[in-house]
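Here is final36.txt, consisting of compact mmCIF, C-alpha atoms:
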```txt
# COMPACT_ATOMS: atom_id res chain seq x y z
CA MET A 487 19.20 -98.72 68.74
CA PRO A 488 19.03 -99.96 72.33
CA GLY A 489 21.59 -99.81 75.12
CA ASP A 490 25.24 -99.34 74.18
CA ALA A 491 24.29 -98.65 70.57
CA ASN A 492 22.37 -95.59 71.69
CA ASN A 493 25.34 -94.34 73.71
CA LYS A 494 27.69 -94.87 70.80
CA THR A 495 25.33 -93.08 68.43
CA ALA A 496 25.30 -90.10 70.77
CA ARG A 497 29.09 -90.04 70.80
CA ASP A 498 29.01 -89.99 66.99
CA LEU A 499 27.17 -86.66 66.95
CA PRO A 500 30.16 -84.38 66.15
CA LYS A 501 31.32 -86.71 63.37
CA LEU A 502 27.81 -86.93 61.96
CA LEU A 503 27.51 -83.16 61.94
CA ALA A 504 30.79 -82.92 60.02
CA LEU A 505 29.64 -85.57 57.54
CA THR A 506 26.32 -83.79 57.11
CA GLY A 507 28.16 -80.60 56.21
CA SER A 508 30.20 -82.41 53.55
CA LEU A 509 27.11 -84.13 52.14
CA VAL A 510 25.14 -80.89 51.99
CA GLU A 511 28.01 -79.13 50.23
CA PHE A 512 28.38 -81.96 47.70
CA THR A 513 24.65 -82.02 46.92
CA GLU A 514 24.38 -78.26 46.58
CA LYS A 515 27.23 -78.27 44.06
CA LEU A 516 25.58 -81.10 42.13
CA LEU A 517 22.23 -79.33 41.93
CA ALA A 518 23.90 -76.07 40.89
CA GLU A 519 25.11 -77.74 37.69
CA PRO A 520 22.87 -78.08 34.61
CA ILE A 521 20.98 -81.38 34.86
CA ARG A 522 19.42 -82.37 31.57
CA TYR A 523 16.68 -84.96 31.26
CA SER A 524 13.72 -85.77 29.05
CA GLU A 525 10.35 -84.45 30.22
CA ASP A 526 8.99 -87.96 29.66
CA ASP A 527 11.62 -89.46 31.97
CA HIS A 528 9.44 -89.52 35.05
CA LEU A 529 12.02 -91.24 37.25
CA ALA A 530 14.49 -88.46 36.47
CA PHE A 531 11.89 -85.83 37.35
CA MET A 532 11.08 -87.66 40.55
CA GLY A 533 14.77 -87.98 41.37
CA LEU A 534 15.42 -84.28 40.91
CA LEU A 535 12.58 -83.37 43.24
CA SER A 536 13.49 -86.09 45.74
CA VAL A 537 17.15 -85.13 46.02
CA SER A 538 16.28 -81.45 46.28
CA GLN A 539 13.75 -82.08 49.05
CA GLN A 540 16.07 -84.47 50.89
CA LEU A 541 18.75 -81.77 50.83
CA GLN A 542 16.41 -79.22 52.40
CA PHE A 543 15.29 -81.69 55.04
CA LEU A 544 18.86 -82.60 55.98
CA LYS A 545 19.84 -78.95 56.23
CA SER A 546 16.89 -78.44 58.58
CA ILE A 547 17.94 -81.35 60.79
CA ARG A 548 21.50 -80.04 60.98
CA LEU A 549 20.34 -76.52 61.85
CA LEU A 550 18.06 -77.78 64.62
CA VAL A 551 20.73 -80.05 66.09
CA GLU A 552 23.37 -77.32 66.03
CA ASN A 553 21.01 -75.07 67.98
CA ASN A 554 19.98 -77.71 70.54
CA LEU A 555 16.46 -77.86 69.13
CA GLY A 556 16.39 -81.57 68.40
CA ALA A 557 12.84 -82.31 69.53
CA SER A 558 11.56 -82.14 65.95
CA VAL A 559 14.38 -83.88 64.10
CA GLY A 560 12.78 -87.32 64.32
CA LEU A 561 9.76 -86.06 62.39
CA ILE A 562 11.97 -84.78 59.58
CA ALA A 563 14.15 -87.88 59.53
CA ARG A 564 11.07 -90.08 59.28
CA ALA A 565 9.86 -88.05 56.29
CA MET A 566 13.29 -88.46 54.69
CA LEU A 567 13.16 -92.23 55.13
CA GLU A 568 9.71 -92.39 53.59
CA GLY A 569 10.80 -90.26 50.65
CA MET A 570 13.87 -92.39 50.04
CA CYS A 571 11.81 -95.57 50.21
CA LEU A 572 9.20 -94.24 47.78
CA TYR A 573 11.88 -93.17 45.30
CA LEU A 574 13.65 -96.54 45.43
CA TRP A 575 10.33 -98.39 45.23
CA CYS A 576 9.23 -96.43 42.16
CA ALA A 577 12.57 -97.13 40.47
CA LYS A 578 11.92 -100.87 40.71
CA ASP A 579 9.07 -100.52 38.21
CA SER A 580 10.04 -97.62 35.99
CA PRO A 581 8.54 -95.91 34.09
CA SER A 582 5.14 -97.06 35.41
CA ARG A 583 5.43 -96.15 39.09
CA PRO A 584 7.17 -92.78 38.60
CA LEU A 585 4.48 -91.91 36.05
CA HIS A 586 1.75 -92.90 38.50
CA TRP A 587 3.38 -90.83 41.25
CA ARG A 588 3.44 -87.80 38.98
CA ALA A 589 0.03 -88.29 37.42
CA PHE A 590 -1.82 -88.81 40.69
CA SER A 591 -1.28 -85.13 41.49
CA LEU A 592 -3.44 -84.37 38.48
CA VAL A 593 -6.16 -86.69 39.78
CA LYS A 594 -6.12 -84.87 43.12
CA ASP A 595 -6.24 -81.49 41.36
CA PHE A 596 -9.14 -82.72 39.25
CA ARG A 597 -11.09 -83.85 42.30
CA PHE A 598 -10.46 -80.57 44.08
CA MET A 599 -11.62 -78.69 40.99
CA MET A 600 -14.81 -80.76 40.84
CA HIS A 601 -15.37 -80.18 44.57
CA LYS A 602 -15.11 -76.43 44.08
CA ARG A 603 -17.63 -76.63 41.27
CA THR A 604 -20.14 -78.55 43.40
CA LYS A 605 -19.84 -75.75 45.97
CA GLY A 606 -20.73 -73.21 43.33
CA LYS A 607 -17.23 -71.72 43.20
CA VAL A 608 -15.68 -70.44 39.99
CA VAL A 609 -12.97 -72.60 38.44
CA ASP A 610 -10.30 -70.76 36.48
CA PRO A 611 -10.60 -71.90 32.83
CA ALA A 612 -6.84 -71.85 32.29
CA THR A 613 -6.26 -74.02 35.36
CA GLU A 614 -9.00 -76.41 34.30
CA GLY A 615 -7.48 -76.64 30.85
CA LYS A 616 -4.07 -77.58 32.24
CA ILE A 617 -5.55 -80.24 34.51
CA LEU A 618 -7.62 -81.78 31.74
CA ASP A 619 -4.73 -81.68 29.30
CA GLY A 620 -2.52 -83.42 31.85
CA LEU A 621 -5.12 -86.09 32.54
CA GLY A 622 -5.59 -86.56 28.81
CA LYS A 623 -1.89 -87.33 28.52
CA TYR A 624 -1.23 -89.27 31.73
CA GLY A 625 -4.55 -90.03 33.43
CA ASP A 626 -5.35 -93.33 31.76
CA ALA A 627 -2.67 -95.02 33.85
CA LEU A 628 -4.71 -94.24 36.97
CA LEU A 629 -8.19 -95.17 35.82
CA SER A 630 -10.23 -97.48 38.01
CA ASN A 631 -11.92 -100.50 36.47
CA LYS A 632 -15.03 -98.37 36.07
CA GLY A 633 -13.01 -95.68 34.36
CA ARG A 634 -11.38 -98.15 31.98
CA GLU A 635 -14.80 -99.42 30.94
CA ALA A 636 -15.94 -95.84 30.35
CA ARG A 637 -12.85 -95.19 28.24
CA LYS A 638 -13.51 -98.29 26.16
CA LYS A 639 -16.99 -96.96 25.43
CA GLY A 640 -15.54 -93.62 24.39
CA ASN A 641 -16.85 -91.75 27.44
CA GLN A 642 -14.89 -89.12 29.41
CA PRO A 643 -14.04 -90.47 32.89
CA LEU A 644 -15.79 -88.74 35.77
CA ARG A 645 -14.25 -87.77 39.11
CA ASP A 646 -14.71 -91.19 40.70
CA ASP A 647 -13.47 -93.05 37.65
CA TYR A 648 -9.87 -92.76 38.84
CA ILE A 649 -8.33 -94.88 41.57
CA LYS A 650 -8.99 -93.56 45.07
CA ASN A 651 -5.45 -93.70 46.43
CA TRP A 652 -1.91 -94.18 45.23
CA PRO A 653 0.15 -96.17 46.00
CA SER A 654 -2.09 -99.00 47.08
CA VAL A 655 0.60 -100.87 49.03
CA SER A 656 1.37 -100.25 52.70
CA LYS A 657 4.48 -98.41 53.89
CA LYS A 658 5.70 -101.66 55.44
CA GLN A 659 5.39 -103.53 52.14
CA MET A 660 7.11 -100.70 50.32
CA PHE A 661 10.07 -100.77 52.70
CA GLU A 662 10.32 -104.54 52.42
CA GLU A 663 10.35 -104.42 48.61
CA VAL A 664 13.43 -102.18 48.68
CA GLU A 665 15.16 -104.32 51.32
CA GLY A 666 14.41 -101.80 54.04
CA GLY A 667 12.41 -104.02 56.36
CA LEU A 668 14.85 -103.52 59.25
CA LEU A 669 14.79 -99.75 58.75
CA TYR A 670 11.00 -99.86 58.92
CA GLN A 671 10.95 -101.89 62.13
CA GLU A 672 13.85 -100.32 64.01
CA VAL A 673 13.71 -96.68 62.88
CA TYR A 674 10.63 -95.64 60.90
CA SER A 675 8.10 -97.29 63.19
CA ASN A 676 9.88 -96.12 66.34
CA MET A 677 9.68 -92.52 65.09
CA SER A 678 5.93 -92.77 64.62
CA ASP A 679 4.99 -92.00 68.24
CA LEU A 680 5.75 -88.29 68.00
CA THR A 681 4.29 -88.08 64.49
CA HIS A 682 0.94 -89.33 65.78
CA TRP A 683 1.11 -87.64 69.20
CA ASP A 684 1.23 -90.96 71.00
CA ILE A 685 1.52 -90.49 74.77
CA ALA A 686 4.68 -92.62 74.68
CA SER A 687 6.44 -89.84 72.78
CA PHE A 688 6.23 -87.61 75.87
CA ALA A 689 7.77 -90.11 78.27
CA GLY A 690 11.24 -88.58 78.16
CA ARG A 691 10.08 -85.00 77.75
CA ILE A 692 8.40 -84.34 81.09
CA ARG A 693 9.56 -84.16 84.69
CA ARG A 694 7.13 -84.47 87.57
CA GLY A 695 7.51 -82.66 90.87
CA SER A 696 5.28 -82.88 93.90
CA GLN A 697 2.87 -80.31 92.48
CA VAL A 698 4.14 -79.52 88.99
CA VAL A 699 4.76 -81.11 85.63
CA CYS A 700 7.57 -79.59 83.57
CA PHE A 701 8.06 -80.03 79.85
CA LEU A 702 11.78 -80.41 79.18
CA GLU A 703 13.54 -78.73 76.30
CA ASP A 704 15.11 -81.31 74.07
CA SER A 705 18.62 -82.30 75.03
CA SER A 706 18.82 -85.82 73.64
CA ARG A 707 22.08 -86.27 71.76
CA THR A 708 20.99 -89.79 70.87
CA GLU A 709 17.82 -88.67 69.07
CA SER A 710 19.77 -85.97 67.24
CA ALA A 711 22.50 -88.39 66.18
CA ILE A 712 20.00 -91.00 64.96
CA ALA A 713 18.15 -88.35 62.94
CA LEU A 714 21.41 -87.17 61.35
CA ALA A 715 22.39 -90.76 60.52
CA VAL A 716 18.98 -91.48 59.00
CA GLY A 717 19.05 -88.20 57.09
CA CYS A 718 22.49 -88.87 55.65
CA GLN A 719 21.52 -92.39 54.60
CA SER A 720 18.32 -91.16 52.95
CA LEU A 721 20.10 -88.50 50.92
CA LEU A 722 23.04 -90.77 50.02
CA GLN A 723 20.81 -93.55 48.68
CA SER A 724 18.71 -91.04 46.78
CA LEU A 725 21.87 -89.53 45.28
CA GLU A 726 23.13 -92.97 44.25
CA LEU A 727 19.97 -93.72 42.31
CA PHE A 728 19.76 -90.24 40.81
CA ASP A 729 23.38 -90.35 39.65
CA SER A 730 23.04 -93.86 38.25
CA HIS A 731 19.84 -93.16 36.36
CA LEU A 732 21.01 -89.94 34.72
CA ARG A 733 24.67 -90.97 34.44
CA LEU A 734 25.87 -87.78 36.07
CA GLN A 735 29.31 -89.29 36.71
CA LYS A 736 29.27 -88.32 40.37
CA GLY A 737 29.64 -91.89 41.57
CA GLN A 738 33.12 -91.51 43.03
CA GLY A 739 32.16 -88.52 45.14
CA ILE A 740 29.03 -90.28 46.39
CA SER A 741 31.02 -93.44 47.11
CA ASP A 742 33.58 -91.47 49.12
CA LEU A 743 30.82 -89.91 51.22
CA LYS A 744 29.19 -93.29 51.68
CA GLN A 745 32.45 -94.78 52.94
CA GLN A 746 32.85 -91.84 55.29
CA TYR A 747 29.31 -92.47 56.55
CA ILE A 748 30.02 -96.17 57.17
CA ALA A 749 33.29 -95.38 58.93
CA THR A 750 31.56 -92.80 61.13
CA LEU A 751 29.09 -95.37 62.40
CA GLN A 752 31.66 -98.16 62.81
CA THR A 753 34.48 -96.39 64.63
```

Output the structure of this file as structure tokens.
Amino acid sequence: MPGDANNKTARDLPKLLALTGSLVEFTEKLLAEPIRYSEDDHLAFMGLLSVSQQLQFLKSIRLLVENNLGASVGLIARAMLEGMCLYLWCAKDSPSRPLHWRAFSLVKDFRFMMHKRTKGKVVDPATEGKILDGLGKYGDALLSNKGREARKKGNQPLRDDYIKNWPSVSKKQMFEEVEGGLLYQEVYSNMSDLTHWDIASFAGRIRRGSQVVCFLEDSSRTESAIALAVGCQSLLQSLELFDSHLRLQKGQGISDLKQQYIATLQT
């Protein structure tokens, strides 16, 4: 958001804070209600966790901004964007991708368990049983080619018989598949400097004197406003998908908040 857009975004800060409060209140009320779903509906499970985490992230951004501690908000907003993108991307191939997202945690647990065993550490039998039961139910979806061949022969897959990483696509490709290419280029990538401790991220945070270098406390209204805008968008789009998938009948409330969000950025 270069130039005048940055200045306008900074001026939007009070309105964005007010919108954030309304969005947080709406989401908290939604999550306080009974939300019923099938345990085999992996997109619903993913949605419940995604919306809950997005809510906590947005509350954190708001708290930091309200207390003039905005130096970290870009990190949180970037995580919110990535979470929103992953959720939308998984929904495009449901139930396969949500199942893979959920099942890969079992693969990681299995590998950690095997690592402990190679180090001579004791593995809790109950924990091992849960991991193996979970892999027995969901693990086949994440078998490597080697693992699939082992399964065909009736053998139990070993640690390296599962895929190494999931998902296999890049973040850029993921964003593009959910029509978020511009978000990736203009927002997500630009927030990466601080995430990776790039020297460029310190450019606006230091002041040099003749013999001293001072690290400035964050006072950037623009960064705070952008993080709030990104956070609101991430939660709103996650809510839209969650409501649509589970037919929670909260569409009007979400639509009203979305229109308020659009008006906040346009006026």

Need to verify the contact set: Arg583 (chain A), 10 Å, all atoms listed in the file, exclusion of same-chain residues closer than 2 positions in sequence. Can you return it as a list in words? His528, Leu529, Leu572, Tyr573, Trp575, Cys576, Ala577, Lys578, Asp579, Ser580, Pro581, Leu585, His586, Trp587, Arg588, Ala589, Ala627, Trp652 and Pro653 of chain A

For Phe728 (chain A), which of A:Pro584, A:Ala530, A:Pro500, A:Ala636 is the closest residue, counting all atoms listed in the file?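 Closest to Phe728 (chain A), using all atoms listed in the file: A:Ala530.
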
Write out as a PyMOL selection string which residues come within 8 Å of region 611-626 of chain A when counting only C-alpha atoms, dropping same-chain ones fewer than 6 positions away. chain A and resi 585+589-590+592-593+595-596+599+634

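What separates CA of Lys658 (chain A) from CA of Gln671 (chain A) is a distance of 8.5 Å.
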
Between CA of Leu505 (chain A) and CA of Leu721 (chain A), distance in Å (one decimal):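 If I compute the distance from CA of Leu505 (chain A) to CA of Leu721 (chain A), I get 12.0 Å.
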
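Between Ser591 (chain A) and the candidates A:Asn651, A:Met570, A:Glu635, A:Leu668, the tightest atom-to-atom separation, counting all atoms listed in the file, involves A:Asn651.
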
Residues near Gln735 (chain A), cut-off 12 Å, all atoms listed in the file, skip fewer than 4 positions along chain, as a PyMOL selection string: chain A and resi 516+521+725-731+739-741

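Around Leu629 (chain A), within 7 Å and counting only C-alpha atoms, the residues found are Arg634, Asp647, Tyr648 and Ile649 of chain A, once anything fewer than 5 positions away on its own chain is removed.
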
CA of Ser675 (chain A) to CA of Ser687 (chain A), distance in Å rounded to a single decimal: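 Computing it gives 12.3 Å between the two atoms.
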
Do a neighbour search on Ala563 (chain A) at 10 Å with only C-alpha atoms, toss out local chain neighbours closer than 2 positions, and write the hits as a ChimeraX atom specification. /A:540,543-544,546-547,558-561,565-569,673-674,677,710,712-720

Could you work out an axis-aligned bounding box for all listed atoms of region 704-717 of chain A, with 6 Å added on each of the six sides, and give its centre and edge lengths in Å to one decimal, as JSON?
```
{"center_x": 18.8, "center_y": -86.4, "center_z": 66.1, "size_x": 19.4, "size_y": 22.2, "size_z": 29.9}
```

Take region 591-620 of chain A, bring it up to N, CA and C atoms, and give me the output as a compact mmCIF listing (two decimals), in the frame of the given file.
```
# COMPACT_ATOMS: atom_id res chain seq x y z
N SER A 591 -1.07 -86.52 41.09
CA SER A 591 -1.28 -85.13 41.49
C SER A 591 -2.35 -84.48 40.63
N LEU A 592 -2.41 -84.89 39.38
CA LEU A 592 -3.44 -84.37 38.48
C LEU A 592 -4.82 -84.87 38.89
N VAL A 593 -4.89 -86.13 39.31
CA VAL A 593 -6.16 -86.69 39.78
C VAL A 593 -6.65 -85.91 41.00
N LYS A 594 -5.74 -85.62 41.92
CA LYS A 594 -6.12 -84.87 43.12
C LYS A 594 -6.56 -83.44 42.75
N ASP A 595 -5.85 -82.83 41.80
CA ASP A 595 -6.24 -81.49 41.36
C ASP A 595 -7.62 -81.52 40.70
N PHE A 596 -7.86 -82.58 39.94
CA PHE A 596 -9.14 -82.72 39.25
C PHE A 596 -10.29 -82.85 40.27
N ARG A 597 -10.06 -83.66 41.29
CA ARG A 597 -11.09 -83.85 42.30
C ARG A 597 -11.36 -82.56 43.08
N PHE A 598 -10.29 -81.84 43.38
CA PHE A 598 -10.46 -80.57 44.08
C PHE A 598 -11.23 -79.58 43.22
N MET A 599 -10.92 -79.58 41.92
CA MET A 599 -11.62 -78.69 40.99
C MET A 599 -13.11 -79.04 40.95
N MET A 600 -13.41 -80.33 40.88
CA MET A 600 -14.81 -80.76 40.84
C MET A 600 -15.52 -80.42 42.16
N HIS A 601 -14.79 -80.52 43.27
CA HIS A 601 -15.37 -80.18 44.57
C HIS A 601 -15.73 -78.70 44.61
N LYS A 602 -14.83 -77.86 44.12
CA LYS A 602 -15.11 -76.43 44.08
C LYS A 602 -16.36 -76.15 43.25
N ARG A 603 -16.48 -76.85 42.15
CA ARG A 603 -17.63 -76.63 41.27
C ARG A 603 -18.93 -77.02 41.94
N THR A 604 -18.91 -78.13 42.71
CA THR A 604 -20.14 -78.55 43.40
C THR A 604 -20.54 -77.55 44.49
N LYS A 605 -19.56 -76.78 44.96
CA LYS A 605 -19.84 -75.75 45.97
C LYS A 605 -20.22 -74.42 45.34
N GLY A 606 -20.32 -74.42 44.03
CA GLY A 606 -20.73 -73.21 43.33
C GLY A 606 -19.60 -72.20 43.15
N LYS A 607 -18.36 -72.63 43.35
CA LYS A 607 -17.23 -71.72 43.20
C LYS A 607 -16.75 -71.71 41.74
N VAL A 608 -16.16 -70.60 41.36
CA VAL A 608 -15.68 -70.44 39.99
C VAL A 608 -14.34 -71.16 39.83
N VAL A 609 -14.22 -71.91 38.77
CA VAL A 609 -12.97 -72.60 38.44
C VAL A 609 -12.28 -71.85 37.31
N ASP A 610 -11.04 -71.49 37.51
CA ASP A 610 -10.30 -70.76 36.48
C ASP A 610 -10.17 -71.62 35.22
N PRO A 611 -10.63 -71.11 34.08
CA PRO A 611 -10.60 -71.90 32.83
C PRO A 611 -9.19 -72.35 32.44
N ALA A 612 -8.21 -71.48 32.65
CA ALA A 612 -6.84 -71.85 32.29
C ALA A 612 -6.34 -73.00 33.15
N THR A 613 -6.66 -72.94 34.46
CA THR A 613 -6.26 -74.02 35.36
C THR A 613 -6.96 -75.32 34.99
N GLU A 614 -8.24 -75.22 34.70
CA GLU A 614 -9.00 -76.41 34.30
C GLU A 614 -8.41 -77.01 33.04
N GLY A 615 -8.05 -76.16 32.10
CA GLY A 615 -7.48 -76.64 30.85
C GLY A 615 -6.19 -77.42 31.07
N LYS A 616 -5.33 -76.90 31.96
CA LYS A 616 -4.07 -77.58 32.24
C LYS A 616 -4.30 -78.93 32.90
N ILE A 617 -5.26 -78.98 33.83
CA ILE A 617 -5.55 -80.24 34.51
C ILE A 617 -6.10 -81.27 33.53
N LEU A 618 -7.02 -80.84 32.69
CA LEU A 618 -7.62 -81.78 31.74
C LEU A 618 -6.62 -82.22 30.68
N ASP A 619 -5.76 -81.31 30.27
CA ASP A 619 -4.73 -81.68 29.30
C ASP A 619 -3.78 -82.71 29.91
N GLY A 620 -3.41 -82.48 31.17
CA GLY A 620 -2.52 -83.42 31.85
C GLY A 620 -3.16 -84.79 32.02
```
